[in-house]
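Q: Before I ask anything, here is the structure I am working with.
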Amino acid sequence: MRVLVVDESAERANSVRDALRRAGYEVTASLSSPLTLLKTIEDRAPDVIVIDTDSPSRDVLEHLVFVSERTPRPVVMFAQDDAPETIRAATRAGVSAYVVDGLDKNRIKAIVEAAVARFEDYQALRTQLAEANLKLSERKAVEKAKGLLMKSRGLDEDAAYAALRKMAMDRKLKLVEVAQRVIDAADLLGA
């Protein structure tokens, strides 16, 4: 597993890199600032990001939000700051594991593996939510199109649905695509 280390302290960064290597990870890069975080991720393609800091700054958290939106990956943060609002802010920014009181070299492998597992579960939930939202919006479009056909053609619900299906099959389109065309046509005609 490829790891990117971010630590403003060169001495601490060396310690983190050594612990990660001993745990069997490949350290692809080490940054002293989050300013080039996204570029480094794009160039080096790490599997995990490990950040060691006294307290996560607003800049670090803002960069993590940007990374989470563009190229999400597990983030482990070792910090001294145990304030609940800091932990919440870090978690909202995309941190998968927030570990207080610094790095324990004997536990780093377990911490990284737990962060990866949590990240994968979270990503799976996000995917499921996106799929459910898509299905719901498609269902709404089909229902609206059925309603428009029922009103304009005097059809019952089953006949309106059958008409949509027939149009979809005849045009080799998905049902939702035909439904959207019906909705667009009705909007265009002011129906």
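Simple scheme: letters A, B, ... for chains in structure tokens order, numbers from 1 for residues in each chain, numbers from 1 for ligands in the order shown.
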Tell me, which residues of region 47-165 of chain A carry DSSP alpha helix (DSSP H), written as a short mmCIF file (atom, residue, chain, number, x, y, z; two decimals) with C-alpha atoms, in the first residue's frame?

A:
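Okay, this is what ended up in result16.cif:
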```cif
data_model
loop_
_atom_site.label_atom_id
_atom_site.label_comp_id
_atom_site.auth_asym_id
_atom_site.auth_seq_id
_atom_site.Cartn_x
_atom_site.Cartn_y
_atom_site.Cartn_z
CA ARG A 58 -7.92 25.40 8.75
CA ASP A 59 -5.67 25.19 5.66
CA VAL A 60 -5.10 21.46 6.17
CA LEU A 61 -8.81 20.82 6.63
CA GLU A 62 -9.74 22.92 3.58
CA HIS A 63 -7.26 21.00 1.44
CA LEU A 64 -8.64 17.71 2.75
CA VAL A 65 -12.18 18.75 1.80
CA PHE A 66 -10.95 19.55 -1.71
CA VAL A 67 -9.13 16.20 -1.93
CA SER A 68 -12.20 14.33 -0.61
CA GLU A 69 -14.32 15.86 -3.36
CA ARG A 70 -11.82 15.31 -6.19
CA PRO A 84 -14.39 17.53 20.16
CA GLU A 85 -14.98 20.33 17.64
CA THR A 86 -11.54 19.74 16.10
CA ILE A 87 -12.21 16.02 15.79
CA ARG A 88 -15.61 16.70 14.19
CA ALA A 89 -14.11 19.22 11.78
CA ALA A 90 -11.40 16.75 10.77
CA THR A 91 -13.94 13.97 10.26
CA ARG A 92 -16.17 16.25 8.16
CA ALA A 93 -13.10 17.16 6.08
CA ILE A 108 0.32 2.09 13.02
CA LYS A 109 -0.54 -0.89 10.81
CA ALA A 110 -3.79 -1.56 12.69
CA ILE A 111 -4.71 2.14 12.60
CA VAL A 112 -4.07 2.44 8.86
CA GLU A 113 -5.98 -0.78 8.13
CA ALA A 114 -8.94 0.40 10.25
CA ALA A 115 -8.94 3.74 8.43
CA VAL A 116 -8.93 1.99 5.06
CA ALA A 117 -11.81 -0.29 6.11
CA ARG A 118 -13.83 2.66 7.43
CA PHE A 119 -13.16 4.63 4.25
CA GLU A 120 -14.25 1.72 2.04
CA ASP A 121 -17.46 1.31 4.04
CA TYR A 122 -18.17 5.03 3.81
CA GLN A 123 -17.52 5.05 0.05
CA ALA A 124 -19.87 2.07 -0.38
CA LEU A 125 -22.58 3.94 1.52
CA ARG A 126 -22.05 7.04 -0.62
CA THR A 127 -22.36 4.92 -3.76
CA GLN A 128 -25.55 3.29 -2.48
CA LEU A 129 -27.01 6.69 -1.60
CA ALA A 130 -26.17 8.09 -5.03
CA GLU A 131 -27.77 5.06 -6.72
CA ALA A 132 -30.88 5.34 -4.54
CA ASN A 133 -31.18 9.07 -5.31
CA LEU A 134 -30.79 8.38 -9.02
CA LYS A 135 -33.47 5.68 -8.96
CA LEU A 136 -35.77 7.98 -7.03
CA SER A 137 -35.31 10.83 -9.50
CA GLU A 138 -35.85 8.44 -12.41
CA ARG A 139 -39.00 7.10 -10.75
CA LYS A 140 -40.27 10.66 -10.24
CA ALA A 141 -39.68 11.45 -13.92
CA VAL A 142 -41.56 8.31 -15.02
CA GLU A 143 -44.45 9.11 -12.66
CA LYS A 144 -44.62 12.70 -13.92
CA ALA A 145 -44.55 11.57 -17.55
CA LYS A 146 -47.30 9.01 -16.83
CA GLY A 147 -49.37 11.76 -15.26
CA LEU A 148 -48.89 13.98 -18.30
CA LEU A 149 -49.93 11.17 -20.65
CA MET A 150 -52.91 10.32 -18.49
CA LYS A 151 -54.06 13.93 -18.57
CA SER A 152 -53.34 14.70 -22.22
CA ARG A 153 -54.53 11.39 -23.72
CA GLU A 157 -52.13 4.63 -15.24
CA ASP A 158 -51.42 1.20 -16.75
CA ALA A 159 -52.06 2.42 -20.29
CA ALA A 160 -49.85 5.49 -19.75
CA TYR A 161 -47.03 3.27 -18.48
CA ALA A 162 -47.49 0.89 -21.42
CA ALA A 163 -47.31 3.85 -23.81
CA LEU A 164 -44.04 5.01 -22.22
CA ARG A 165 -42.59 1.49 -22.43
#
```

Q: Quick one: everything within 12 Å of region 7-21 of chain A, counting only C-alpha atoms, minus sequence neighbours fewer than 6 positions away in the same chain. Send it as a VMD selection string.

A: chain A and resid 1 27 to 35 37 48 to 57 60 76 to 79 102 to 113

Q: By how many Å are CA of Gly24 (chain A) and CA of Val99 (chain A) apart?

A: 19.9 Å

Q: As a count of residues only, please: all residues of region 19-97 of chain A that backbone DSSP puts in strand (DSSP E or B).

A: 17

Q: As an exercise, work out the distance from CA of Ala186 (chain A) to CA of Asp170 (chain A) in Å and give it to one decimal place.

A: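 Separation of CA of Ala186 (chain A) and CA of Asp170 (chain A): 20.1 Å.
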
Q: Could you tell me how far CA of Asp82 (chain A) lies from CA of Val100 (chain A), in Å and to one decimal?

A: 6.1 Å
